[in-house]
Structures are given as structure tokens and as C-alpha cells.
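Have a look at the structure below, then the notes.
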Amino acid sequence: MLPWFNNHLSLITERLEAVKKYTENELVLLLKRQDRAAFTYLYDNYSGALHSIILNIVPDHDLASDVLQEVFIKIWKQIDTYDDGKGRLFTWILNIARNAAIDRVRSKSYQNNLQNRELTENVYDSAGATRTPTDHIGLRQWVHKLKDEYKMLVELSYFQGYTQDEIAKMLNMPLGTVKTRLRTALIQLRQIIKN
């Protein structure tokens, strides 16, 4: 047979294997054996949910897709560290995705790109406009002066519209902590705006 046909046939076989349903224990066992069909199954069944979680933290679709790829590489490389005694597989991969997204948002390169992009977008978006949305009056710039732990909560709550309960679940944080940090963030933001 031709080499390209063998490769194509191999991919079709992997996809057919991925159509199978696995129990969580079977899936984990196969992933730890570096089984490609099981990994394809994992990607096909969990990438949508993980991408949504990442998009909640990293609002840029292209960047969120990059983070998703990094997450699946981490899963592939670190599956041996998964311990079913500490939680379910989905919880483990969800935490990897959430942490990767938070790391990306906190990175200096992301912050620099965000500031540069906001400046460029503000110049063109507000040209000739008579009414300026709150995102363009500098409110986000003031929010970015807050500590990272506060900045992310304000972003999720006030700019993206999540409830405090949703934020607590998304960040795996106690609801009381979310409320306290948001209250502290607003007090600090008020002081920043006054100065």
C-alpha cells in the first residue's frame, strides 16, 4: 500500500476507536499508557467545555485556542500525576485549564499586548463617536492598576457579567472570599480614581 494511504487509514482507525465510550477508570488507564485513541476521545469530549472555561478568563478566541492546545499537551505529559483519590478526571483537567488561562492573563506579554491593543482600539473605535462606552473611558485602565487577584474578579464580575457565585465556582474559590476580595477591590478602585 501507499504510505499516505496507510497514514490516512491509521487516522480513520483512531477516530473509530475514539467513538467508543470509556468509563473514567478505563480512560485514565489508557491515557497513562499514552493511548492515542483515548487521547482523541478525551479531546473530542472535553475540549469544548475546557475552551469555554478558558474563554471566561482569556476573552481572545485565538489566544484561548492556543491555551487549549497547551492544556492538552500538559494533560498528555502529566497524566501520570493524576490521582483519582483526589478527585475526578474532569476536575483535574479543568484545574489545569483554569490555571493555564490565569497564568496567560497574568503574563507580562499578555498584559503588554492588552495595553497596546486597548490603546490602538480606543483611538479607532472612538473616532467620531459622540457616546463612549464605559470600556473606553479608561475604567479598565484603572482596574488594571489593582492587584492581580482583585483585577481578575472585577473583570469577571463587572465587565463580563458573571455572578459572584459563578466566579466562585469557576475559580474554585469560596464564595465568601470572592465577596470579600470584590469589596476590597472596589474600595481600592475608589481610592485610585480619587487620586
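In the C-alpha cells, chains take letters A, B, ... by order of appearance, with residues numbered from 1 within each chain and ligands from 1 in the order shown.
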Which of segment 37-94 of chain A end up as helix (DSSP H, G or I) when DSSP is run on this backbone - answer as an MDAnalysis selection string?
chainID A and resid 37:57 61:81 89:94
Those selected residues, please, written with N, CA and C atoms and delivered as a compact mmCIF listing (two decimals), in the first residue's frame.
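After the write, out.txt holds the following:
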```txt
# COMPACT_ATOMS: atom_id res chain seq x y z
N ALA A 37 -5.87 6.82 20.81
CA ALA A 37 -7.32 6.80 20.63
C ALA A 37 -8.03 7.34 21.88
N ALA A 38 -7.51 7.01 23.05
CA ALA A 38 -8.10 7.52 24.29
C ALA A 38 -7.88 9.03 24.40
N PHE A 39 -6.73 9.50 23.96
CA PHE A 39 -6.45 10.93 23.99
C PHE A 39 -7.37 11.67 23.01
N THR A 40 -7.59 11.08 21.84
CA THR A 40 -8.52 11.66 20.87
C THR A 40 -9.92 11.72 21.47
N TYR A 41 -10.32 10.67 22.15
CA TYR A 41 -11.62 10.63 22.82
C TYR A 41 -11.70 11.75 23.86
N LEU A 42 -10.64 11.90 24.66
CA LEU A 42 -10.61 12.94 25.68
C LEU A 42 -10.77 14.32 25.03
N TYR A 43 -10.03 14.56 23.97
CA TYR A 43 -10.10 15.85 23.28
C TYR A 43 -11.51 16.09 22.70
N ASP A 44 -12.03 15.10 22.01
CA ASP A 44 -13.34 15.24 21.38
C ASP A 44 -14.45 15.50 22.40
N ASN A 45 -14.34 14.92 23.57
CA ASN A 45 -15.41 15.02 24.55
C ASN A 45 -15.24 16.13 25.58
N TYR A 46 -14.04 16.64 25.75
CA TYR A 46 -13.81 17.63 26.79
C TYR A 46 -13.29 18.98 26.29
N SER A 47 -12.83 19.06 25.06
CA SER A 47 -12.23 20.31 24.58
C SER A 47 -13.23 21.46 24.56
N GLY A 48 -14.48 21.19 24.23
CA GLY A 48 -15.49 22.25 24.20
C GLY A 48 -15.71 22.88 25.56
N ALA A 49 -15.84 22.05 26.57
CA ALA A 49 -16.04 22.56 27.93
C ALA A 49 -14.82 23.32 28.42
N LEU A 50 -13.63 22.78 28.15
CA LEU A 50 -12.41 23.45 28.58
C LEU A 50 -12.22 24.77 27.85
N HIS A 51 -12.55 24.79 26.57
CA HIS A 51 -12.42 26.03 25.80
C HIS A 51 -13.34 27.10 26.37
N SER A 52 -14.53 26.73 26.79
CA SER A 52 -15.46 27.70 27.40
C SER A 52 -14.90 28.26 28.69
N ILE A 53 -14.32 27.40 29.51
CA ILE A 53 -13.72 27.85 30.77
C ILE A 53 -12.57 28.81 30.49
N ILE A 54 -11.73 28.46 29.52
CA ILE A 54 -10.59 29.31 29.18
C ILE A 54 -11.07 30.65 28.64
N LEU A 55 -12.12 30.64 27.80
CA LEU A 55 -12.65 31.89 27.24
C LEU A 55 -13.22 32.81 28.32
N ASN A 56 -13.68 32.24 29.41
CA ASN A 56 -14.17 33.06 30.52
C ASN A 56 -13.05 33.87 31.16
N ILE A 57 -11.83 33.37 31.03
CA ILE A 57 -10.69 34.03 31.65
C ILE A 57 -9.86 34.78 30.61
N HIS A 61 -10.37 34.83 21.40
CA HIS A 61 -10.63 33.47 20.90
C HIS A 61 -9.35 32.77 20.42
N ASP A 62 -8.52 33.48 19.68
CA ASP A 62 -7.28 32.86 19.17
C ASP A 62 -6.36 32.49 20.32
N LEU A 63 -6.22 33.39 21.27
CA LEU A 63 -5.36 33.13 22.42
C LEU A 63 -5.93 32.00 23.27
N ALA A 64 -7.25 31.96 23.41
CA ALA A 64 -7.89 30.88 24.17
C ALA A 64 -7.65 29.53 23.49
N SER A 65 -7.66 29.51 22.18
CA SER A 65 -7.36 28.27 21.44
C SER A 65 -5.92 27.83 21.66
N ASP A 66 -5.01 28.80 21.70
CA ASP A 66 -3.60 28.48 21.99
C ASP A 66 -3.46 27.88 23.40
N VAL A 67 -4.15 28.48 24.35
CA VAL A 67 -4.10 27.97 25.73
C VAL A 67 -4.69 26.56 25.78
N LEU A 68 -5.76 26.33 25.03
CA LEU A 68 -6.37 24.99 25.00
C LEU A 68 -5.37 23.95 24.49
N GLN A 69 -4.63 24.30 23.45
CA GLN A 69 -3.61 23.37 22.94
C GLN A 69 -2.56 23.09 24.01
N GLU A 70 -2.12 24.13 24.70
CA GLU A 70 -1.14 23.96 25.77
C GLU A 70 -1.69 23.05 26.87
N VAL A 71 -2.97 23.21 27.16
CA VAL A 71 -3.61 22.40 28.21
C VAL A 71 -3.57 20.92 27.83
N PHE A 72 -3.90 20.60 26.59
CA PHE A 72 -3.89 19.19 26.19
C PHE A 72 -2.48 18.62 26.12
N ILE A 73 -1.51 19.45 25.82
CA ILE A 73 -0.11 18.98 25.88
C ILE A 73 0.26 18.68 27.32
N LYS A 74 -0.14 19.57 28.25
CA LYS A 74 0.13 19.32 29.67
C LYS A 74 -0.55 18.04 30.15
N ILE A 75 -1.79 17.85 29.72
CA ILE A 75 -2.53 16.64 30.12
C ILE A 75 -1.77 15.41 29.63
N TRP A 76 -1.36 15.42 28.39
CA TRP A 76 -0.64 14.29 27.79
C TRP A 76 0.65 14.00 28.56
N LYS A 77 1.38 15.07 28.90
CA LYS A 77 2.67 14.89 29.56
C LYS A 77 2.53 14.59 31.06
N GLN A 78 1.46 15.08 31.68
CA GLN A 78 1.35 14.98 33.13
C GLN A 78 0.28 14.01 33.61
N ILE A 79 -0.26 13.19 32.73
CA ILE A 79 -1.35 12.29 33.12
C ILE A 79 -0.92 11.35 34.24
N ASP A 80 0.35 11.03 34.32
CA ASP A 80 0.81 10.15 35.40
C ASP A 80 0.67 10.79 36.78
N THR A 81 0.55 12.11 36.85
CA THR A 81 0.40 12.77 38.14
C THR A 81 -1.06 12.78 38.61
N LEU A 89 -11.40 12.96 36.99
CA LEU A 89 -10.53 13.35 35.88
C LEU A 89 -10.92 14.73 35.36
N PHE A 90 -12.23 14.97 35.18
CA PHE A 90 -12.66 16.26 34.65
C PHE A 90 -12.23 17.40 35.55
N THR A 91 -12.33 17.22 36.85
CA THR A 91 -11.91 18.26 37.80
C THR A 91 -10.42 18.53 37.64
N TRP A 92 -9.64 17.48 37.47
CA TRP A 92 -8.20 17.62 37.31
C TRP A 92 -7.86 18.40 36.04
N ILE A 93 -8.48 18.04 34.91
CA ILE A 93 -8.16 18.73 33.65
C ILE A 93 -8.75 20.14 33.65
N LEU A 94 -9.87 20.33 34.34
CA LEU A 94 -10.46 21.66 34.47
C LEU A 94 -9.50 22.58 35.21
```
A:Lys86, A:Arg98, A:Lys151, A:Lys194: which is nearest Val178 of chain A, counting only C-alpha atoms?
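Checking each of A:Lys86, A:Arg98, A:Lys151, A:Lys194 against Val178 of chain A, counting only C-alpha atoms, the winner is A:Lys151.
Here atom CA of Leu171 of chain A stands at a distance of 26.4 Å from atom CA of Gln191 of chain A.
Atom CA of Arg183 of chain A sits 23.0 Å away from atom CA of Val58 of chain A.
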